[in-house]
>>> print(open('entry-v3.pdb').read())   # PDB, C-alpha atoms and all ligand atoms
ATOM      1  CA  MET A   1      63.782 122.014  87.442
ATOM      2  CA  ASN A   2      63.888 120.550  83.916
ATOM      3  CA  ASN A   3      65.971 117.490  82.975
ATOM      4  CA  ILE A   4      68.993 119.456  81.806
ATOM      5  CA  GLU A   5      69.019 121.639  84.944
ATOM      6  CA  LYS A   6      68.738 118.463  87.040
ATOM      7  CA  ILE A   7      71.716 116.845  85.232
ATOM      8  CA  LYS A   8      73.747 120.055  85.590
ATOM      9  CA  SER A   9      73.007 120.224  89.314
ATOM     10  CA  MET A  10      74.441 116.702  89.751
ATOM     11  CA  ILE A  11      77.837 117.442  88.134
ATOM     12  CA  ARG A  12      80.456 118.301  90.729
ATOM     13  CA  ASP A  13      83.271 120.856  90.271
ATOM     14  CA  ILE A  14      86.690 119.830  91.597
ATOM     15  CA  PRO A  15      89.201 122.703  91.512
ATOM     16  CA  ASP A  16      92.874 122.087  90.668
ATOM     17  CA  PHE A  17      92.445 118.487  89.401
ATOM     18  CA  PRO A  18      94.419 116.830  87.828
ATOM     19  CA  LYS A  19      96.635 119.908  88.014
ATOM     20  CA  LYS A  20      96.508 123.467  89.309
ATOM     21  CA  GLY A  21      94.208 125.782  87.374
ATOM     22  CA  ILE A  22      91.905 123.050  85.938
ATOM     23  CA  LEU A  23      88.304 123.019  87.128
ATOM     24  CA  PHE A  24      87.478 119.332  86.739
ATOM     25  CA  LYS A  25      83.882 118.385  85.923
ATOM     26  CA  ASP A  26      83.244 115.268  88.000
ATOM     27  CA  ILE A  27      80.485 113.125  86.485
ATOM     28  CA  THR A  28      80.592 110.384  89.141
ATOM     29  CA  THR A  29      77.970 112.260  91.163
ATOM     30  CA  ALA A  30      75.675 112.388  88.107
ATOM     31  CA  LEU A  31      76.221 108.671  87.432
ATOM     32  CA  LYS A  32      75.545 107.619  91.001
ATOM     33  CA  ASP A  33      72.053 109.103  91.088
ATOM     34  CA  ALA A  34      69.589 106.695  89.442
ATOM     35  CA  ASP A  35      67.140 109.399  88.233
ATOM     36  CA  THR A  36      69.929 111.508  86.743
ATOM     37  CA  LEU A  37      71.489 108.529  84.982
ATOM     38  CA  LYS A  38      68.138 107.583  83.489
ATOM     39  CA  ILE A  39      67.213 111.063  82.262
ATOM     40  CA  THR A  40      70.701 111.554  80.795
ATOM     41  CA  ILE A  41      70.385 108.454  78.604
ATOM     42  CA  ASP A  42      66.763 109.344  77.783
ATOM     43  CA  GLU A  43      67.791 112.855  76.660
ATOM     44  CA  PHE A  44      70.476 111.439  74.330
ATOM     45  CA  TYR A  45      67.981 108.858  73.055
ATOM     46  CA  ASP A  46      65.345 111.491  72.206
ATOM     47  CA  ILE A  47      67.875 113.490  70.168
ATOM     48  CA  PHE A  48      69.169 110.534  68.134
ATOM     49  CA  LYS A  49      66.285 108.050  67.993
ATOM     50  CA  ASP A  50      65.342 108.939  64.390
ATOM     51  CA  GLU A  51      68.905 109.139  63.008
ATOM     52  CA  LYS A  52      69.080 105.450  62.028
ATOM     53  CA  ILE A  53      72.247 104.864  64.039
ATOM     54  CA  ASP A  54      73.937 101.514  63.330
ATOM     55  CA  TYR A  55      76.675 101.817  65.965
ATOM     56  CA  ILE A  56      77.686 103.910  68.924
ATOM     57  CA  ALA A  57      81.448 104.480  69.074
ATOM     58  CA  GLY A  58      82.415 105.351  72.648
ATOM     59  CA  ILE A  59      85.691 107.139  73.396
ATOM     60  CA  GLU A  60      87.750 105.512  76.184
ATOM     61  CA  SER A  61      86.950 105.643  78.953
ATOM     62  CA  ARG A  62      84.070 107.890  80.005
ATOM     63  CA  GLY A  63      82.542 107.622  76.540
ATOM     64  CA  PHE A  64      82.031 103.935  77.306
ATOM     65  CA  ILE A  65      79.946 104.755  80.364
ATOM     66  CA  TYR A  66      77.366 106.823  78.460
ATOM     67  CA  GLY A  67      77.749 105.103  75.098
ATOM     68  CA  MET A  68      76.818 101.596  76.200
ATOM     69  CA  PRO A  69      73.389 102.238  77.767
ATOM     70  CA  LEU A  70      72.568 104.483  74.823
ATOM     71  CA  ALA A  71      73.491 101.690  72.379
ATOM     72  CA  TYR A  72      71.206  99.346  74.313
ATOM     73  CA  LYS A  73      68.350 101.838  74.152
ATOM     74  CA  LEU A  74      68.898 102.671  70.462
ATOM     75  CA  ASN A  75      69.052  98.950  69.752
ATOM     76  CA  CYS A  76      72.418  99.273  67.984
ATOM     77  CA  GLY A  77      75.920  97.880  68.453
ATOM     78  CA  PHE A  78      78.778  99.408  70.467
ATOM     79  CA  ILE A  79      82.354  99.949  69.277
ATOM     80  CA  PRO A  80      85.111 101.016  71.672
ATOM     81  CA  ILE A  81      87.503 103.756  70.504
ATOM     82  CA  ARG A  82      90.584 102.899  72.529
ATOM     83  CA  LYS A  83      93.945 104.276  73.589
ATOM     84  CA  PRO A  84      96.949 102.783  71.729
ATOM     85  CA  ASN A  85      97.916  99.110  72.048
ATOM     86  CA  LYS A  86      94.753  97.985  73.837
ATOM     87  CA  LEU A  87      92.880  96.313  70.978
ATOM     88  CA  PRO A  88      93.956  92.761  70.103
ATOM     89  CA  ALA A  89      93.193  92.557  66.360
ATOM     90  CA  GLU A  90      94.416  94.743  63.483
ATOM     91  CA  VAL A  91      93.654  98.441  64.072
ATOM     92  CA  ILE A  92      93.382 101.755  62.269
ATOM     93  CA  SER A  93      94.516 104.794  64.221
ATOM     94  CA  GLN A  94      94.328 108.554  64.274
ATOM     95  CA  GLU A  95      96.979 110.781  65.801
ATOM     96  CA  TYR A  96      96.224 114.098  67.459
ATOM     97  CA  GLU A  97      98.142 116.893  69.153
ATOM     98  CA  LEU A  98      98.230 117.280  72.909
ATOM     99  CA  GLU A  99      99.422 120.326  74.844
ATOM    100  CA  TYR A 100     102.822 118.626  74.924
ATOM    101  CA  GLY A 101     103.377 115.986  72.267
ATOM    102  CA  LYS A 102     101.008 113.635  70.457
ATOM    103  CA  ASP A 103      98.511 110.899  71.260
ATOM    104  CA  LYS A 104      96.598 108.315  69.277
ATOM    105  CA  ILE A 105      93.220 106.570  69.323
ATOM    106  CA  GLU A 106      92.346 103.289  67.627
ATOM    107  CA  ILE A 107      89.515 101.024  66.489
ATOM    108  CA  HIS A 108      89.573  97.560  64.998
ATOM    109  CA  LYS A 109      90.084  97.697  61.255
ATOM    110  CA  ASP A 110      87.169  95.350  60.589
ATOM    111  CA  ALA A 111      84.792  97.018  63.082
ATOM    112  CA  LEU A 112      82.926  99.154  60.516
ATOM    113  CA  LYS A 113      81.908  99.402  56.861
ATOM    114  CA  LYS A 114      81.642 102.581  54.783
ATOM    115  CA  ASP A 115      77.820 102.856  54.950
ATOM    116  CA  ASP A 116      77.577 102.248  58.685
ATOM    117  CA  ARG A 117      76.018 105.238  60.435
ATOM    118  CA  VAL A 118      77.975 105.953  63.596
ATOM    119  CA  LEU A 119      77.253 108.149  66.613
ATOM    120  CA  ILE A 120      80.381 108.986  68.635
ATOM    121  CA  VAL A 121      79.949 109.502  72.396
ATOM    122  CA  ASP A 122      82.171 111.086  75.035
ATOM    123  CA  ASP A 123      81.631 112.750  78.384
ATOM    124  CA  LEU A 124      83.084 116.197  77.746
ATOM    125  CA  LEU A 125      84.058 118.531  74.907
ATOM    126  CA  ALA A 126      86.879 120.898  75.872
ATOM    127  CA  THR A 127      89.475 121.915  73.246
ATOM    128  CA  GLY A 128      88.098 119.242  70.911
ATOM    129  CA  GLY A 129      91.390 117.493  70.164
ATOM    130  CA  THR A 130      90.086 114.059  71.132
ATOM    131  CA  ALA A 131      86.691 114.606  69.520
ATOM    132  CA  ALA A 132      88.119 115.838  66.197
ATOM    133  CA  ALA A 133      90.460 112.836  66.082
ATOM    134  CA  ALA A 134      87.563 110.461  66.806
ATOM    135  CA  VAL A 135      85.484 111.935  63.973
ATOM    136  CA  LYS A 136      88.461 111.624  61.587
ATOM    137  CA  LEU A 137      89.060 108.054  62.735
ATOM    138  CA  ILE A 138      85.456 107.019  62.096
ATOM    139  CA  SER A 139      85.434 108.924  58.767
ATOM    140  CA  GLN A 140      88.306 106.737  57.536
ATOM    141  CA  VAL A 141      86.080 103.648  57.509
ATOM    142  CA  ALA A 142      82.421 104.604  58.043
ATOM    143  CA  THR A 143      79.871 107.449  58.109
ATOM    144  CA  PRO A 144      79.870 109.560  61.280
ATOM    145  CA  VAL A 145      76.430 111.138  61.733
ATOM    146  CA  GLY A 146      76.925 112.807  65.078
ATOM    147  CA  ILE A 147      78.956 113.278  68.204
ATOM    148  CA  ALA A 148      77.333 113.579  71.615
ATOM    149  CA  PHE A 149      78.723 114.868  74.902
ATOM    150  CA  LEU A 150      77.261 115.168  78.347
ATOM    151  CA  ILE A 151      79.211 118.410  78.895
ATOM    152  CA  GLU A 152      80.558 121.163  76.636
ATOM    153  CA  LEU A 153      83.034 123.740  77.943
ATOM    154  CA  LYS A 154      82.280 126.645  75.646
ATOM    155  CA  GLY A 155      84.881 129.152  74.524
ATOM    156  CA  LEU A 156      87.679 126.588  74.133
ATOM    157  CA  GLY A 157      87.080 126.154  70.398
ATOM    158  CA  GLY A 158      86.121 122.479  70.641
ATOM    159  CA  ARG A 159      83.088 122.673  68.359
ATOM    160  CA  GLU A 160      85.048 124.589  65.691
ATOM    161  CA  LYS A 161      87.771 121.942  65.629
ATOM    162  CA  ILE A 162      85.326 119.323  64.332
ATOM    163  CA  LYS A 163      85.433 120.048  60.602
ATOM    164  CA  GLU A 164      83.074 117.354  59.323
ATOM    165  CA  ASP A 165      79.428 118.269  58.763
ATOM    166  CA  ILE A 166      77.849 116.207  61.541
ATOM    167  CA  LYS A 167      75.429 116.842  64.391
ATOM    168  CA  ILE A 168      77.358 118.083  67.474
ATOM    169  CA  VAL A 169      75.274 117.749  70.628
ATOM    170  CA  SER A 170      76.002 118.564  74.268
ATOM    171  CA  LEU A 171      73.397 118.284  77.005
ATOM    172  CA  VAL A 172      74.976 120.629  79.551
ATOM    173  CA  LYS A 173      76.986 123.748  78.676
ATOM    174  CA  TYR A 174      79.321 125.889  80.769
TER
HETATM  175  P1  LIG B 201      89.690 117.871  74.782
HETATM  176  O1  LIG B 201      90.438 116.944  73.840
HETATM  177  O2  LIG B 201      90.463 119.064  75.206
HETATM  178  O3  LIG B 201      88.326 118.262  74.214
HETATM  179  O4  LIG B 201      89.461 117.067  76.131
HETATM  180  C1  LIG B 201      88.500 116.108  76.175
HETATM  181  C2  LIG B 201      88.745 115.041  77.204
HETATM  182  O5  LIG B 201      89.488 115.477  78.348
HETATM  183  C3  LIG B 201      87.384 114.598  77.672
HETATM  184  O6  LIG B 201      87.191 113.271  77.228
HETATM  185  C4  LIG B 201      87.405 114.717  79.171
HETATM  186  O7  LIG B 201      87.279 113.422  79.717
HETATM  187  C5  LIG B 201      88.732 115.344  79.554
HETATM  188  N1  LIG B 201      88.598 116.706  80.136
HETATM  189  C6  LIG B 201      89.085 117.847  79.605
HETATM  190  N2  LIG B 201      88.829 118.916  80.379
HETATM  191  C7  LIG B 201      88.120 118.445  81.434
HETATM  192  C8  LIG B 201      87.514 119.050  82.603
HETATM  193  N3  LIG B 201      87.584 120.372  82.860
HETATM  194  N4  LIG B 201      86.841 118.254  83.459
HETATM  195  C9  LIG B 201      86.752 116.926  83.227
HETATM  196  N5  LIG B 201      87.292 116.297  82.169
HETATM  197  C10 LIG B 201      87.970 117.034  81.279
END
>>> encode(input="entry-v3.pdb", output="structure tokens", more="lines below")
Ligand code: AMP
Amino acid sequence: MNNIEKIKSMIRDIPDFPKKGILFKDITTALKDADTLKITIDEFYDIFKDEKIDYIAGIESRGFIYGMPLAYKLNCGFIPIRKPNKLPAEVISQEYELEYGKDKIEIHKDALKKDDRVLIVDDLLATGGTAAAAVKLISQVATPVGIAFLIELKGLGGREKIKEDIKIVSLVKY
């Protein structure tokens, strides 16, 4: 079994969570296993080690889990992309559409400068609403160079929703 097959084998499917009809990809089983956790971060590292990343921006909350060890390994800083009203200092925000209504993500206004090269991290790419908003948010103040996911659910149009010309990477695809 190669690394990607190993990671895939450690992700658990939970039917009908959080509501009927959704097949939830549970990453807690992949996080719990020391070997799987290590090879996951190593795989991300190998893909981005030569991209001169200045900061990882992790999307709350599962993007924090994978983003932080990757920042440590890439020897760069970490910036949290948070849900509204969580950050204490002045923020910039980006709205995006949900199935019903709108949501918003935020970073600190002084977190980044225009030339900073940023890699965005999240656990899963589905319809791409969150990811596209994160790329737009980072584009407002810095230079997004890539976005990395542990999992991509193909056929939901997520990849197509990200309009900026950046590297879109997912380790495991369904
Ligand atoms: P989306 O904006 O549709 O791409 O959804 C992305 C976010 O929703 C990710 O950050 C995931 O944490 C979560 N998500 C969406 N679909 C699933 C799923 N089938 N299993 C687990 N998490 C999901």
>>> resolve_selection(input="entry-v3.pdb", expression="the PyMOL selection byres (((chain A and resi 85-91) around 12) and not hetatm)", output="list in words")
Glu60, Ile79, Pro80, Ile81, Arg82, Lys83, Pro84, Ile92, Ser93, Gln94, Asp103, Lys104, Ile105, Glu106, Ile107, His108, Lys109, Asp110, Ala111, Leu112, Leu137, Gln140 and Val141 of chain A
>>> residues_near_ligand(input="entry-v3.pdb", ligand="ligand LIG 201 (chain B)", cutoff="7 Å", atoms="only C-alpha atoms and all ligand atoms", output="VMD selection string")
chain A and resid 22 to 26 62 122 to 131 158
>>> resolve_selection(input="entry-v3.pdb", expression="the PyMOL selection byres (((chain A and resi 152) around 9) and not hetatm)", output="MDAnalysis selection string")
chainID A and resid 123:126 149:151 153:154 158:159 169:174
>>> resolve_selection(input="entry-v3.pdb", expression="the PyMOL selection byres (((chain A and resi 76) around 8) and not hetatm)", output="compact mmCIF listing (two decimals) with C-alpha atoms, keeping the file's coordinate frame")
# COMPACT_ATOMS: atom_id res chain seq x y z
CA ILE A 53 72.25 104.86 64.04
CA ASP A 54 73.94 101.51 63.33
CA TYR A 55 76.68 101.82 65.96
CA ILE A 56 77.69 103.91 68.92
CA ALA A 71 73.49 101.69 72.38
CA TYR A 72 71.21 99.35 74.31
CA LYS A 73 68.35 101.84 74.15
CA LEU A 74 68.90 102.67 70.46
CA ASN A 75 69.05 98.95 69.75
CA GLY A 77 75.92 97.88 68.45
CA PHE A 78 78.78 99.41 70.47
>>> atom_distance(input="entry-v3.pdb", atom1="CA of Ile41 (chain A)", atom2="CA of Leu98 (chain A)")
29.8 Å
>>> residues_around(input="entry-v3.pdb", residues="Val135 (chain A)", least_positions_apart="4", cutoff="10 Å", atoms="only C-alpha atoms", output="PyMOL selection string")
chain A and resi 57+94+118-120+130-131+139-140+142-147+162-164+166
>>> atom_distance(input="entry-v3.pdb", atom1="CA of Glu97 (chain A)", atom2="CA of Ile138 (chain A)")
17.6 Å
>>> atom_distance(input="entry-v3.pdb", atom1="CA of Ile65 (chain A)", atom2="CA of Leu31 (chain A)")
8.9 Å
>>> closest_residue(input="entry-v3.pdb", among="A:Arg12, A:Lys113, A:Lys102, A:Lys167", to="Glu51 (chain A)", atoms="all atoms listed in the file")
A:Lys167
>>> closest_residue(input="entry-v3.pdb", among="A:Glu95, A:Asp115, A:Glu43, A:Asp16", to="Leu70 (chain A)", atoms="only C-alpha atoms")
A:Glu43
>>> decode(input="entry-v3.pdb", residues="region 52-73 of chain A", atoms="N, CA, C and O atoms", output="compact mmCIF listing (two decimals), in the first residue's frame")
# COMPACT_ATOMS: atom_id res chain seq x y z
N LYS A 52 8.48 28.28 -1.65
CA LYS A 52 8.82 29.49 -0.90
C LYS A 52 7.61 30.08 -0.16
O LYS A 52 7.27 31.25 -0.30
N ILE A 53 6.94 29.22 0.59
CA ILE A 53 5.76 29.64 1.34
C ILE A 53 6.19 30.48 2.56
O ILE A 53 7.05 30.07 3.33
N ASP A 54 5.57 31.64 2.71
CA ASP A 54 5.83 32.49 3.88
C ASP A 54 4.88 32.16 5.04
O ASP A 54 5.26 32.26 6.20
N TYR A 55 3.63 31.84 4.68
CA TYR A 55 2.62 31.56 5.71
C TYR A 55 1.66 30.47 5.25
O TYR A 55 1.28 30.42 4.07
N ILE A 56 1.26 29.65 6.19
CA ILE A 56 0.10 28.78 5.99
C ILE A 56 -1.10 29.52 6.57
O ILE A 56 -1.03 30.03 7.69
N ALA A 57 -2.20 29.57 5.80
CA ALA A 57 -3.46 30.08 6.34
C ALA A 57 -4.41 28.89 6.46
O ALA A 57 -4.80 28.29 5.45
N GLY A 58 -4.73 28.52 7.68
CA GLY A 58 -5.60 27.37 7.94
C GLY A 58 -7.04 27.82 8.12
O GLY A 58 -7.30 28.81 8.81
N ILE A 59 -7.97 27.10 7.47
CA ILE A 59 -9.39 27.44 7.59
C ILE A 59 -9.98 26.73 8.81
O ILE A 59 -9.85 25.52 8.97
N GLU A 60 -10.65 27.52 9.68
CA GLU A 60 -11.27 26.98 10.89
C GLU A 60 -12.27 25.88 10.53
O GLU A 60 -13.06 26.08 9.63
N SER A 61 -12.29 24.78 11.22
CA SER A 61 -11.35 24.44 12.27
C SER A 61 -10.43 23.29 11.86
O SER A 61 -9.32 23.15 12.40
N ARG A 62 -10.87 22.47 10.90
CA ARG A 62 -10.03 21.31 10.57
C ARG A 62 -8.80 21.69 9.75
O ARG A 62 -7.82 20.95 9.69
N GLY A 63 -8.86 22.88 9.14
CA GLY A 63 -7.67 23.40 8.46
C GLY A 63 -6.56 23.76 9.44
O GLY A 63 -5.39 23.80 9.07
N PHE A 64 -6.94 24.02 10.69
CA PHE A 64 -5.92 24.30 11.72
C PHE A 64 -5.13 23.02 12.03
O PHE A 64 -3.93 23.07 12.25
N ILE A 65 -5.86 21.91 12.05
CA ILE A 65 -5.24 20.64 12.47
C ILE A 65 -4.10 20.26 11.53
O ILE A 65 -3.02 19.88 11.96
N TYR A 66 -4.36 20.36 10.21
CA TYR A 66 -3.32 19.99 9.24
C TYR A 66 -2.39 21.15 8.93
O TYR A 66 -1.22 20.94 8.59
N GLY A 67 -2.89 22.36 9.04
CA GLY A 67 -2.07 23.53 8.69
C GLY A 67 -0.91 23.76 9.64
O GLY A 67 0.19 24.11 9.22
N MET A 68 -1.14 23.57 10.93
CA MET A 68 -0.12 23.90 11.92
C MET A 68 1.13 23.01 11.83
O MET A 68 2.24 23.54 11.76
N PRO A 69 0.98 21.68 11.81
CA PRO A 69 2.20 20.87 11.69
C PRO A 69 2.93 21.10 10.36
O PRO A 69 4.15 21.01 10.29
N LEU A 70 2.16 21.43 9.34
CA LEU A 70 2.78 21.71 8.04
C LEU A 70 3.58 23.02 8.11
O LEU A 70 4.69 23.11 7.56
N ALA A 71 3.03 24.03 8.80
CA ALA A 71 3.76 25.29 8.98
C ALA A 71 5.07 25.03 9.72
O ALA A 71 6.13 25.55 9.35
N TYR A 72 5.00 24.22 10.75
CA TYR A 72 6.20 23.88 11.53
C TYR A 72 7.25 23.25 10.61
O TYR A 72 8.41 23.63 10.61
N LYS A 73 6.80 22.29 9.80
CA LYS A 73 7.73 21.57 8.93
C LYS A 73 8.27 22.44 7.80
O LYS A 73 9.42 22.30 7.40
